[in-house]
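Inspection log for the structure reproduced underneath, given as structure tokens.
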Amino acid sequence: MEKGRPMLRWVGILCVSMAVAGFGLNALGGKQESVETKAMGADLISIETLKKFGDLDYPVVRFEHDKHTKAVEGKCESCHTVTGNTVTAKFKRQEDTNAAEIKAIYHDNCITCHDDTSKAGKKSGPGSEQCRTCHAGPADSSRTLISFDKSLHYRHSSSKMVLPAPGQKENCSKCHSQDKPEERNLAFAENKDQAHEKCLSCHMEIGKAQQPTGPVECAGCHDATVRAGFKKVADAPRLEAGQSDYALLMAATAQAGTEPKLVSAVPFNHKLHEEKNENCSVCHHNASSKGVIPCSQCHTSLGKEEGGFITTEQAMHRVTAQASCVGCHAQAQAKPECAGCHTFMGRTGQNTDASCVKCHVDITPGAELINDKNARSNTAAMLMNTRIKSDPEIKVGEIPEIVEISVLANEYQASKFPHRKIVQKIMEGMKDDSMAAYFHSSPNAVCSGCHHNSPASANPPKCVSCHGKVASAQDGAKPDLKTAYHQQCIGCHSEMGIQKPAATACAECHAVKQ
């Protein structure tokens with residue numbers, strides 16, 4: 001026993017030494033992995049200002065803004081420069097100078113405030129020896145971006161507290177500071193700091209006048225639960241900014257030896273698309289910082305730096321981009337009543353010239369169209385008004401009621417496919433949808449949902465004409481017949497949310513042979 005005691009003492013000393021070393025390493029700021037992340041509120045701000053000067057020595061700071069606003073009793077000047085009714089977004093400075101100076105501004109002011117609050121006997125934040133309490137790394141939060149929709153825009157533009165500039169009738173320039181009646185510029189803010197400065201300064205100014213005003217706390221705009229309580233104007237008037245009802249989308253005339261001539265023009269119903277979307281930024285994705293500018297200003301046939309070298313063709317046709325025409329339409333195709341056909345067609349269908357002419361028209365752009373906005377608008381209106389707007393017609397009586405699929409019958413009996421019923425269900429999903437009506441207006445277009453790689457026809461070829469009963473290496477990724485049937489039928493049911501028959505209920509589609 002006596003011999004074991006020195007060993008126990010050494011173990012105890014070693015444990016204490018390790019604990020002290022760990023505390024010292026944390027206090028001195030030795031590099032460590034960030035602590036486990038946790039979900040936080042909408043007021044969470046990750047302070048990572050020094051990233052612009054190089055790699056960070058410590059994890060980013062988790063800063064709960066609303067908690068601090070409450071602690072200083074809503075006095076923004078405790079942390080920000082306030083000049084008149086204008087508040088500066090940056091902490092205790094007007095601009096970012098250098099890493100050392102910014103670091104000193106944060107440490108000196110934050111730690112001093114925490115120490116003074118503690119000396120006053122109040123609950124406070126961490127001191128200089130608790131680096132990792134602030135530098136805790138990124139965390140999930142409930143913070144979401146606010147969509148400045150038509151309702152919010154109307155409530156601002158119609159507010160009696162948001163006055164127009166002297167000599168102007170509308171108050172647009174209160175937010176869009178570069179906008180003039182004779183020269184429209186709907187840019188709002190170049191960055192996040194500028195946007196917050198504009199909104200908060202205006203809200204605070206109205207609040208000082210003892211009038212109902214907008215939020216001055218983070219959660220007021222960035223918490224979805226709070227936003228759900230916003231007053232909603234159901235039928236907000238159109239946002240007038242000098243835009244035409246119709247537009248003829250054309251590429252800039254190519255100069256000899258520079259850029260290739262692009263494909264035909266596209267007539268575009270601008271007013272209809274305004275009604276379908278919540279704000280201009282859905283299509284004009286840089287509207288907040290650059291204003292509503294023509295697509296061709298950033299996107300050209302060869303691409304240029306201002307547009308991230310994204311060409312006109314990519315900007316208009318990229319399926320994964322919400323701001324592109326095809327990408328936006330693809331989102332509509334994701335609705336359950338559409339997804340049964342379009343999800344599968346997106347993987348296996350082939351684009352054809354017939355798809356292009358649904359949007360593009362063959363027009364020789366003369367001088368009048370190139371130089372006269374009204375001429376382009378009138379031409380687009382004429383072309384759009386000739387397009388089909390009614391639901392496509394299908395001669396239901398000519399559709400086989402039942403199609404018996406027996407080509408693979410072996411363990412199971414032939415599948416009795418309720419062909420007419422399915423076509424009628426698809427047609428029901430397109431009812432009163434003008435976009436669906438136009439894009440399905442060509443004869444037998446609806447049939448392409450299942451007969452995806454054959455010409456639209458009332459009597460399309462059978463699946464076995466393309467899909468062999470046995471898979472072949474020569475077919476590449478093309479599935480064999482059995483896989484094609486199951487992939488098509490089960491895939492459609494899954495995308496449309498059809499619960500019955502279930503994907504595993506084999507006998508509900510083809511009965512077991514007795």
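By convention in this document, the chains of the structure tokens carry letters A, B, ... by their order, each chain's residues are numbered from 1, and ligands are numbered from 1 in the order they are shown.
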
Among range 85-307 of chain A, which residues carry a DSSP assignment of alpha helix (DSSP H), reported as a ChimeraX atom specification?
/A:99-119,131-134,150-157,192-208,218-222,224-227,270-276,287-290

Write out as a list in words the residues lying within 12 Å of Ala458 in chain A, counting only C-alpha atoms and excluding same-chain residues fewer than 5 positions away.
Ile394, Lys395, Val396, Glu398, Ile399, Pro400, Ser442, Pro443, Asn444, Ala445, Val446, Cys447, Ser448 and His451 of chain A

I'd like the contact shell of range 241-248 of chain A - 7 Å cut-off, only C-alpha atoms, skipping same-chain residues fewer than 3 positions apart - returned as a VMD selection string.
chain A and resid 265 to 271 376 to 377 380 to 381

Can I get the selection written as a PDB file, in the first residue's frame, with C-alpha atoms?
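The resulting result_39.pdb:
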```pdb
ATOM      1  CA  ALA A 265     -36.143  36.957 -80.832  1.00  0.00           C
ATOM      2  CA  VAL A 266     -38.561  36.002 -78.042  1.00  0.00           C
ATOM      3  CA  PRO A 267     -41.866  37.863 -77.475  1.00  0.00           C
ATOM      4  CA  PHE A 268     -42.366  38.180 -73.715  1.00  0.00           C
ATOM      5  CA  ASN A 269     -45.486  39.027 -71.708  1.00  0.00           C
ATOM      6  CA  HIS A 270     -43.832  41.131 -69.013  1.00  0.00           C
ATOM      7  CA  LYS A 271     -47.021  42.094 -67.195  1.00  0.00           C
ATOM      8  CA  ARG A 376     -40.682  46.152 -79.991  1.00  0.00           C
ATOM      9  CA  SER A 377     -43.446  46.186 -77.371  1.00  0.00           C
ATOM     10  CA  ALA A 380     -44.355  41.371 -78.966  1.00  0.00           C
ATOM     11  CA  ALA A 381     -47.994  42.058 -78.028  1.00  0.00           C
TER      12      ALA A 381
END
```

Nearby residues (only C-alpha atoms) at most 12 Å from range 233-235 of chain A, same-chain spacing under 5 positions excluded, as a CSV table (one decimal) with N, CA and C atoms, in the first residue's frame:
```csv
chain,number,residue,atom,x,y,z
A,149,ASP,N,-41.7,41.6,-51.0
A,149,ASP,CA,-42.7,41.2,-52.0
A,149,ASP,C,-43.6,42.5,-52.4
A,150,LYS,N,-44.5,42.2,-53.2
A,150,LYS,CA,-45.4,43.3,-53.7
A,150,LYS,C,-46.2,44.0,-52.6
A,151,SER,N,-46.6,43.2,-51.7
A,151,SER,CA,-47.4,43.7,-50.5
A,151,SER,C,-46.5,44.7,-49.7
A,152,LEU,N,-45.3,44.2,-49.4
A,152,LEU,CA,-44.4,45.1,-48.6
A,152,LEU,C,-44.1,46.4,-49.3
A,153,HIS,N,-43.8,46.2,-50.6
A,153,HIS,CA,-43.4,47.3,-51.5
A,153,HIS,C,-44.6,48.4,-51.5
A,154,TYR,N,-45.8,47.9,-51.7
A,154,TYR,CA,-47.0,48.8,-51.7
A,154,TYR,C,-47.2,49.5,-50.4
A,155,ARG,N,-47.0,48.8,-49.3
A,155,ARG,CA,-47.1,49.4,-48.0
A,155,ARG,C,-46.1,50.5,-47.7
A,156,HIS,N,-44.9,50.4,-48.3
A,156,HIS,CA,-43.9,51.4,-48.2
A,156,HIS,C,-44.2,52.6,-49.1
A,158,SER,N,-47.0,53.5,-50.4
A,158,SER,CA,-48.3,54.2,-50.1
A,158,SER,C,-48.3,54.9,-48.7
A,275,GLU,N,-47.2,39.5,-62.5
A,275,GLU,CA,-48.3,39.0,-61.7
A,275,GLU,C,-48.0,37.7,-61.1
A,278,GLU,N,-43.2,37.6,-57.0
A,278,GLU,CA,-43.4,38.5,-55.9
A,278,GLU,C,-42.6,39.8,-56.1
```

Polymer residues at most 9 Å from range 336-347 of chain A, only C-alpha atoms, same-chain spacing of 2 or more positions, as a count of residues only:
27

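Excluding His65 in chain A and any residue on its chain fewer than 4 positions from it, the residues at most 8 Å away by only C-alpha atoms are A:Asp43, A:Leu44, A:Ile45, A:Thr69, A:Cys218.
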
Generate a file of the selected residues that holds N, CA and C atoms, formatted as a PDB file, in the first residue's frame.
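Wrote it out as result-v4.pdb, contents follow:
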```
ATOM      1  N   ASP A  43     -31.384  36.497 -34.686  1.00  0.00           N
ATOM      2  CA  ASP A  43     -30.493  37.646 -34.484  1.00  0.00           C
ATOM      3  C   ASP A  43     -29.019  37.258 -34.499  1.00  0.00           C
ATOM      4  N   LEU A  44     -28.724  35.975 -34.739  1.00  0.00           N
ATOM      5  CA  LEU A  44     -27.323  35.527 -34.733  1.00  0.00           C
ATOM      6  C   LEU A  44     -26.559  36.125 -35.909  1.00  0.00           C
ATOM      7  N   ILE A  45     -25.448  36.787 -35.610  1.00  0.00           N
ATOM      8  CA  ILE A  45     -24.551  37.319 -36.630  1.00  0.00           C
ATOM      9  C   ILE A  45     -23.189  36.676 -36.433  1.00  0.00           C
ATOM     10  N   THR A  69     -28.925  44.539 -28.121  1.00  0.00           N
ATOM     11  CA  THR A  69     -29.773  45.726 -28.277  1.00  0.00           C
ATOM     12  C   THR A  69     -30.608  45.949 -27.017  1.00  0.00           C
ATOM     13  N   CYS A 218     -33.447  42.391 -35.356  1.00  0.00           N
ATOM     14  CA  CYS A 218     -33.179  41.379 -36.400  1.00  0.00           C
ATOM     15  C   CYS A 218     -34.383  40.484 -36.645  1.00  0.00           C
TER      16      CYS A 218
END
```

Which residues come within 10 Å of range 304-314 of chain A, counting only C-alpha atoms, excluding same-chain residues fewer than 3 positions away, as number ranges by chain?
A: 251, 262-263, 295-301, 317-319, 321, 324, 326

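With only C-alpha atoms as the atoms that count, the minimum distance from Ile405 in chain A to the choices A:Leu302, A:Ala104, A:Met250, A:Cys509 is reached by A:Cys509.
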
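As for CA of Gly121 in chain A and CA of Lys90 in chain A, they are spaced 28.9 Å apart.
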
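Here the residues within range 71-212 of chain A that DSSP labels strand (DSSP E or B) on the basis of the backbone are His80, Thr81, Val82, Thr83, Thr86, Val87, Thr88, Ala89, Lys90, Phe91, Ser141, Arg143, Lys180 and Glu183 of chain A.
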
Saved selection, atoms kept: N, CA and C atoms, as a PDB file, in the first residue's frame:
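Contents of selection18.pdb, as written:
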```
ATOM      1  N   HIS A  80     -22.833  51.771 -32.588  1.00  0.00           N
ATOM      2  CA  HIS A  80     -22.754  52.279 -33.966  1.00  0.00           C
ATOM      3  C   HIS A  80     -22.688  53.803 -33.988  1.00  0.00           C
ATOM      4  N   THR A  81     -22.111  54.312 -35.076  1.00  0.00           N
ATOM      5  CA  THR A  81     -22.100  55.758 -35.267  1.00  0.00           C
ATOM      6  C   THR A  81     -23.465  56.190 -35.773  1.00  0.00           C
ATOM      7  N   VAL A  82     -24.098  57.121 -35.071  1.00  0.00           N
ATOM      8  CA  VAL A  82     -25.409  57.630 -35.470  1.00  0.00           C
ATOM      9  C   VAL A  82     -25.269  59.126 -35.736  1.00  0.00           C
ATOM     10  N   THR A  83     -25.532  59.511 -36.966  1.00  0.00           N
ATOM     11  CA  THR A  83     -25.470  60.920 -37.357  1.00  0.00           C
ATOM     12  C   THR A  83     -26.858  61.371 -37.777  1.00  0.00           C
ATOM     13  N   THR A  86     -29.313  58.812 -39.313  1.00  0.00           N
ATOM     14  CA  THR A  86     -28.613  57.769 -40.068  1.00  0.00           C
ATOM     15  C   THR A  86     -27.707  56.962 -39.147  1.00  0.00           C
ATOM     16  N   VAL A  87     -27.889  55.644 -39.154  1.00  0.00           N
ATOM     17  CA  VAL A  87     -27.066  54.750 -38.353  1.00  0.00           C
ATOM     18  C   VAL A  87     -26.108  53.996 -39.265  1.00  0.00           C
ATOM     19  N   THR A  88     -24.846  53.890 -38.859  1.00  0.00           N
ATOM     20  CA  THR A  88     -23.833  53.176 -39.626  1.00  0.00           C
ATOM     21  C   THR A  88     -23.809  51.717 -39.192  1.00  0.00           C
ATOM     22  N   ALA A  89     -23.803  50.794 -40.142  1.00  0.00           N
ATOM     23  CA  ALA A  89     -23.894  49.367 -39.819  1.00  0.00           C
ATOM     24  C   ALA A  89     -22.632  48.838 -39.143  1.00  0.00           C
ATOM     25  N   LYS A  90     -21.479  49.366 -39.478  1.00  0.00           N
ATOM     26  CA  LYS A  90     -20.228  48.845 -38.930  1.00  0.00           C
ATOM     27  C   LYS A  90     -20.095  49.196 -37.453  1.00  0.00           C
ATOM     28  N   PHE A  91     -19.406  48.340 -36.717  1.00  0.00           N
ATOM     29  CA  PHE A  91     -19.242  48.499 -35.273  1.00  0.00           C
ATOM     30  C   PHE A  91     -18.119  49.496 -34.961  1.00  0.00           C
ATOM     31  N   SER A 141     -28.903  28.804 -37.300  1.00  0.00           N
ATOM     32  CA  SER A 141     -29.840  29.746 -36.695  1.00  0.00           C
ATOM     33  C   SER A 141     -31.151  29.731 -37.475  1.00  0.00           C
ATOM     34  N   ARG A 143     -32.421  32.313 -38.731  1.00  0.00           N
ATOM     35  CA  ARG A 143     -32.368  33.511 -39.575  1.00  0.00           C
ATOM     36  C   ARG A 143     -32.631  33.154 -41.034  1.00  0.00           C
ATOM     37  N   LYS A 180     -34.727  58.727 -60.684  1.00  0.00           N
ATOM     38  CA  LYS A 180     -35.314  60.000 -61.089  1.00  0.00           C
ATOM     39  C   LYS A 180     -36.430  59.708 -62.080  1.00  0.00           C
ATOM     40  N   GLU A 183     -35.047  59.441 -65.464  1.00  0.00           N
ATOM     41  CA  GLU A 183     -33.999  58.426 -65.651  1.00  0.00           C
ATOM     42  C   GLU A 183     -34.130  57.395 -64.536  1.00  0.00           C
TER      43      GLU A 183
END
```

Which residue gives the smallest distance to Asp223 in chain A among A:Asn371, A:Ile363, A:Ser441, A:Leu145, with only C-alpha atoms counted?
A:Leu145

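Among A:Arg420, A:Arg62, A:Lys276, A:Lys500, the residue with the shortest atom-to-atom distance to Arg132 in chain A, counting only C-alpha atoms, is A:Arg62.
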
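Reported to one decimal place, the separation of CA of Ala187 in chain A from CA of Asn286 in chain A is 8.6 Å.
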
Would you mind telling me which residue in A:Ala228, A:Ala139, A:Ala287, A:Leu249 lies nearest to Phe188 in chain A when using only C-alpha atoms?
A:Ala287
